[in-house]
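A short write-up of the structure that comes next.
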Amino acid sequence: MPSAHPRFAVADTAYRALRTERRDQAVMISGESGAGKTEATKRLLQFYAETCPAPERGGAVRDRLLQSNPVLEAFGNAKTLRNDNSSRFGKYMDVQFDFKGAPVGGHILSYLLEKSRVVHQNHGERNFHVFYQLLEGGEEETLRRLGLERNPQSYLYLVKGQCAKVSSINDKNDWKVVRKALTVIDFTEDEVEDLLSIVASVLHLGNIHFAADEESNAQVTTENQLKYLTRLLGVEGSTLREALTHRKIIAKGEELLSPLNLEQAAYARDALAKAVYSRTFTWLVTKINRSLASKDAESPSWRSTTVLGLLDIYGFEVFQNNSFEQFCINYCNEKLQQLFIELTLKSEQEEYEAEGIAWEPVQYFNNKIICDLVEEKFKGIISILDEECLRPGEATDLTFLEKLEDTVKHHPHFLTHKLADQRTRKSLGRGEFRLLHYAGEVTYNVTGFLDKNNDLLFRNLKETMCSSENPIMSQCFDRSELSDKKRPETVATQFKMSLLQLVEILKSKEPAYVRCIKPNDAKQPGRFDEVLIRHQVKYLGLMENLRVRRAGFAYRRKYEAFLQRYKSLCPETWPIWAGRPQDGVAVLVRYLGYKPEEYKMGRTKIFIRFPKTLFATEDALEVRRQSLATKIQATWRGFHWRQKFLRVKRSAICIQSWWRGTLGRRKAAKRKRAAQTIRRLIRGFILRHAPRCPENAFFLDHVRTSFLLNLRRQLPRNILDTSWPTPPPALREASELLRELCRKNMVWKYCRSISPEWKQQLQQKAVASEIFKGKKDNYPQSVPRLFISTRLGADEISPKVLQALGSEPIQYAVPVVKYDRKGYKPRSRQLLLTPNAVVIVEDAKVKQRIEYANLTGISVSSLSDSLFVLHVQREDNKQKGDVVLQSDHVIETLTKTALSADRVNSININQGSITFAGGPGRDGIIDFTTGSELLITKAKNGHLAVVAPRLNSR
């Protein structure tokens, strides 16, 4: 392989030609298998990714171009005897560049995947990388879902080559790279799962085993594998079983099922595995192409861009056992070598002669004779192979070889056991033929040629796969195949046609070559086998190419193109040359000072011998471009700003006239509306007291609207604010409703805002108001004073009393004065309220307990005194009679007592006197009179006399 500098020099030269001359380029990378073509392709892509300007819309396309490589290598590369990472398919990649030189898209063409490797590998070789990568690097959950084990030895398709582990390959790390790359190239998680299901299904297919029944018909014996296949491929288990053990035959319009023997069933299984894998690979390439295609609607089309092609195709292969795949691969290399000869040796020498340039021809080997041997119509190897595949009767690989011997036996590059001399026959088997390629002799074994060329898949297997529910499989197996009666083209013919198309693509572009030289066959670094290298240099025609290049001219271009590119360097040819292009070029090169030995003038082209001459011209062009660019910029800026000024001026005049007209129309319309509004208001004001009519409707609505709008700003601020604006007559009823709603809303807001403690206070105050308001003189003095929860603390009540009450909580406690029933002697007591009773306490002793059920009423005078009487049932033997008490907080005490005993309606406010039960069989009387000061004494008549001052509060 060439060193890094020449390789990147070729890439840089191709890119510069693409940028400067706007011509499509193609870099063709060729060499033997293992010479480094795949690595060279990756390095070139990395070179373009690093050196090209990044697209304006991000580097997504660049990343996809780079990340498509590991995915295609995983599914299309494998270890062979010659190469640990051998491409088992051909790849041509077009990279699309915009006019700035940034990559904006791409497209990949793939050629002839070696799908036979799926089911068979030679000793020392492996299957495709993806199988080993999945088993080594896949997550446990993924493998469990796919029904896979980590050990590659468990799968028949992975042990044929007995080389599952390779020291130079780290499958686990490679899997991480592939998994990340799938995400970059727009694979969804579902698509990745479907793709892995197909990869796993191929491994399970390899483990499907058959056994013969009594009639020697094949039967599936591995039920577990069949279940996994059914789930992974999304097909019916019974349908798949039948398709693997039977073949559908259409005879006279009728479908018949023919059972398969063990050998035929194994063939059907392997054919299905190869078809599933190869079609999935084709789908994968299509999916990558969709990812590489530019999705931006504003991006340039293919016609407005330039394209750089990279060809990385399988190298020339010679194994101990060479089959159909090696035949196709080596034929491909013959075609590329022929193209190389035509584009470098043959066409270049012919061009010198056609242009009338003095030239001494250089002799070289033209391998067209070998290409004709393979691809010639009717007499070529591919035509004979197709004819043998399509003819009726029992055609075999050996009959193909016999027909080959009869047809091309006189060809100097073809040899078989039958045609060879006595000494050569020892190295040729009876089932082999030998071709003398440009790179040396290769012996091919014809075994399997017909089967691989036909690539037949039984009809019922196709039908089964067409019914697959796996989204990828449903795209790979199109139902239209089932109705297509036309026999598909053979593999060799398809490959030949695709190669012809590839050659046409490459011919349409300007070629550049990277020739990879394999240093040794041992895959060792730093070791050069001189014999091997000399052999490659010789058969690649590099020496002849060097002689042609040295004797020839480094640069040639048509007069029109040369003059168009460099005419700015000469005043006589700039800006336009009116005469013949040839004369213009002659004037130009004389002005540039070309010496006679530096160039030649042909019939239609100019030929420049030395690169330094062209480089000097390019340098002069770069300098000239700077001055031209400056002049163009100055002219353009002047023109641009002049045009911009004129546009702005025209726009300003247009906007001014339009705006003046708009303002005038708006002003007139505004005045008209104002006059109409004033007229309607005056008319409505005159008729404001009349019934509603069209003349006063606007005025009335205006008044109502004004009131409602002003009402929003004049609403009462709180519940105590009773102000309310005066409504117009038509809105009185609505105003009252709104006032009521507003008041309710303020009440609701106030209620929502008060705390539970304040709510209890208000409830008690409301009860006190209900009982005493306007009925007792000293009530107004109690209004501003808050009711408190208790007038005695826990430390002021004797512990013995608390012990006597037990678990009964004290709801309220207040000091009182008790008057005896006989002598009305005052005694200090404590009044306690519990949930069930009123308790009167003297120091540490409970003197009296009145259950609420036995409390018949409470009496109090209407004056400002603080006496009250608790009436009890006379039938209660435990009670000594009614209780006469005095409290400094009589309003608070009576309110709480009434609420606790539920006796709100049993409080009697008496005028003049109160009668109470003084004991068994006798009553007492309290007389109330007004005076200057409070006085409580026993009167001469035996009554309790109470003198209370008049407060004038009622």
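Residues are named by chain letter and number: chains run A, B, ... in the order of the structure tokens, numbers start at 1 in each chain, and ligands are numbered from 1 in the order shown.
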
Using the chain letters and numbers from this document, which residues of stretch 134-260 of chain A does DSSP assign to strand (DSSP E or B), as a PyMOL selection string?
-> chain A and resi 210-212+218-220+246-251+254-259

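Near A:Arg680, within 8 Å and counting only C-alpha atoms, sit Gln676, Gly684, Glu695, Asn696, Phe698 and Phe699 of chain A, not including residues fewer than 4 positions from it in the same chain.
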
Have a look at atom CA of A:Gln349 and atom CA of A:Lys518 and let me know their distance in Å, one decimal.
->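 Computing it gives 28.8 Å between the two atoms.
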
May I have the residues within 6 Å of stretch 557-568 of chain A as a ChimeraX atom specification, using only C-alpha atoms and disregarding those fewer than 3 positions away in the same chain?
-> /A:573-574,581-582,585,604-606

Using DSSP on the backbone, list every residue of stretch 701-889 of chain A that comes out as alpha helix (DSSP H), and give them as a ChimeraX atom specification.
-> /A:701-713,732-753,756-772,779-782,799-805

For A:Gln475: contacts at 9 Å, only C-alpha atoms, fewer than 3 positions along chain excluded, given as a list in words =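 So the residues in contact are Trp283, Cys466, Asn470, Pro471, Ile472 and Asp478 of chain A.
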
How would the residues just picked look written out with all heavy atoms as a short mmCIF file (atom, residue, chain, number, x, y, z; two decimals), in the first residue's frame?
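For reference, out.cif as written:
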```cif
data_model
loop_
_atom_site.label_atom_id
_atom_site.label_comp_id
_atom_site.auth_asym_id
_atom_site.auth_seq_id
_atom_site.Cartn_x
_atom_site.Cartn_y
_atom_site.Cartn_z
N TRP A 283 -31.05 -4.28 1.47
CA TRP A 283 -31.92 -3.32 2.17
C TRP A 283 -31.09 -2.36 3.01
O TRP A 283 -31.39 -1.15 3.06
CB TRP A 283 -32.90 -4.08 3.07
CG TRP A 283 -33.75 -3.17 3.92
CD1 TRP A 283 -34.94 -2.62 3.60
CD2 TRP A 283 -33.44 -2.69 5.24
NE1 TRP A 283 -35.40 -1.83 4.62
CE2 TRP A 283 -34.51 -1.85 5.64
CE3 TRP A 283 -32.38 -2.89 6.12
CZ2 TRP A 283 -34.53 -1.22 6.88
CZ3 TRP A 283 -32.40 -2.25 7.35
CH2 TRP A 283 -33.46 -1.43 7.72
N CYS A 466 -42.58 -13.80 2.12
CA CYS A 466 -43.41 -12.66 1.72
C CYS A 466 -44.50 -12.37 2.75
O CYS A 466 -45.03 -11.26 2.81
CB CYS A 466 -44.05 -12.91 0.35
SG CYS A 466 -42.88 -12.72 -1.02
N ASN A 470 -42.01 -9.23 10.01
CA ASN A 470 -40.83 -8.40 10.27
C ASN A 470 -40.79 -7.31 9.21
O ASN A 470 -40.75 -7.58 8.02
CB ASN A 470 -39.56 -9.25 10.21
CG ASN A 470 -38.32 -8.48 10.59
OD1 ASN A 470 -37.99 -7.49 9.96
ND2 ASN A 470 -37.62 -8.94 11.60
N PRO A 471 -40.80 -6.01 9.62
CA PRO A 471 -40.89 -4.92 8.63
C PRO A 471 -39.78 -4.96 7.59
O PRO A 471 -40.01 -4.63 6.42
CB PRO A 471 -40.80 -3.65 9.49
CG PRO A 471 -41.23 -4.08 10.85
CD PRO A 471 -40.78 -5.50 11.00
N ILE A 472 -38.57 -5.36 7.97
CA ILE A 472 -37.47 -5.40 7.01
C ILE A 472 -37.67 -6.54 6.02
O ILE A 472 -37.49 -6.38 4.80
CB ILE A 472 -36.12 -5.53 7.75
CG1 ILE A 472 -35.89 -4.30 8.64
CG2 ILE A 472 -34.96 -5.68 6.76
CD1 ILE A 472 -34.63 -4.36 9.46
N ASP A 478 -40.63 -8.98 -1.82
CA ASP A 478 -41.79 -8.30 -2.38
C ASP A 478 -42.76 -9.33 -2.96
O ASP A 478 -42.35 -10.27 -3.65
CB ASP A 478 -41.33 -7.34 -3.48
CG ASP A 478 -42.44 -6.36 -3.86
OD1 ASP A 478 -43.60 -6.60 -3.43
OD2 ASP A 478 -42.17 -5.40 -4.58
#
```

Residues of stretch 4-61 of chain A that approach stretch 485-506 of chain A to 10 Å or less, counting only C-alpha atoms: could you list each one with the shortest pair of atoms and its distance in Å to one decimal, rows by chain and increasing residue number, as JSON lines?
```
{"residue": "A:Asp24", "atom": "CA", "partner": "A:Leu506", "partner_atom": "CA", "distance": 9.7}
{"residue": "A:Gln25", "atom": "CA", "partner": "A:Leu506", "partner_atom": "CA", "distance": 8.5}
{"residue": "A:Ala26", "atom": "CA", "partner": "A:Leu506", "partner_atom": "CA", "distance": 6.4}
{"residue": "A:Val27", "atom": "CA", "partner": "A:Leu506", "partner_atom": "CA", "distance": 9.0}
{"residue": "A:Met28", "atom": "CA", "partner": "A:Leu506", "partner_atom": "CA", "distance": 8.5}
```

From the list A:Gly315, A:Gly942, A:Gly90, A:Gly161, which residue is nearest A:Glu334 when using only C-alpha atoms?
-> A:Gly315

Separation of atom CA of A:Asp386 and atom CA of A:Phe324, in Å?
->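 Straight-line distance from atom CA of A:Asp386 to atom CA of A:Phe324 works out to 13.0 Å.
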
Selection: 8 Å around A:Val817, only C-alpha atoms, excl. self and same-chain fewer than 6 positions, as a list in words |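 Non-adjacent residues within range: Pro826, Arg827, Ser828, Arg829, Leu885, Gln886 and Ser887 of chain A.
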
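Excluding stretch 911-926 of chain A itself and any same-chain residue fewer than 2 positions from it, the protein and nucleic acid residues within 6 Å of it, counting only C-alpha atoms, are Arg821, Ser862, Lys880, Gly881, Asp882, Phe928, His943, Leu944 and Ala945 of chain A.
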
N, CA, C and O atoms of the current selection, written as a tab-separated table (two decimals), in the first residue's frame:
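Written out: result.tsv:
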```tsv
chain	number	residue	atom	x	y	z
A	821	ARG	N	-79.24	31.26	100.55
A	821	ARG	CA	-80.69	31.34	100.33
A	821	ARG	C	-81.41	31.97	101.53
A	821	ARG	O	-82.49	32.51	101.38
A	862	SER	N	-82.85	43.35	83.95
A	862	SER	CA	-82.59	44.20	82.80
A	862	SER	C	-81.68	45.36	83.14
A	862	SER	O	-81.34	46.17	82.29
A	880	LYS	N	-80.35	21.82	96.51
A	880	LYS	CA	-80.96	22.52	97.64
A	880	LYS	C	-81.87	23.64	97.18
A	880	LYS	O	-82.51	24.30	97.97
A	881	GLY	N	-81.90	23.87	95.85
A	881	GLY	CA	-82.73	24.93	95.29
A	881	GLY	C	-81.95	25.69	94.23
A	881	GLY	O	-80.85	25.31	93.83
A	882	ASP	N	-82.55	26.80	93.78
A	882	ASP	CA	-81.90	27.61	92.77
A	882	ASP	C	-80.67	28.27	93.35
A	882	ASP	O	-80.55	28.44	94.57
A	928	PHE	N	-85.16	44.49	92.13
A	928	PHE	CA	-84.18	45.32	91.42
A	928	PHE	C	-84.72	46.73	91.28
A	928	PHE	O	-85.87	46.93	90.84
A	943	HIS	N	-86.62	40.21	101.40
A	943	HIS	CA	-86.18	40.06	100.01
A	943	HIS	C	-84.74	40.49	99.87
A	943	HIS	O	-84.21	41.22	100.72
A	944	LEU	N	-84.11	40.06	98.78
A	944	LEU	CA	-82.75	40.52	98.44
A	944	LEU	C	-82.92	41.76	97.58
A	944	LEU	O	-83.50	41.69	96.48
A	945	ALA	N	-82.45	42.91	98.07
A	945	ALA	CA	-82.63	44.16	97.35
A	945	ALA	C	-81.35	44.49	96.58
A	945	ALA	O	-80.26	44.46	97.15
```

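Of the residues listed (A:Met746, A:Pro835, A:Asn322, A:Ala668), A:Pro835 shows the shortest atom-to-atom separation from A:Lys896; distances use only C-alpha atoms.
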
Identify which of the residues A:Gln811, A:Ser467, A:Ser866, A:Ser480 lies closest to A:Thr239, counting only C-alpha atoms when measuring atom-to-atom distances.
->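 For A:Thr239, the nearest of the candidates is A:Ser467.
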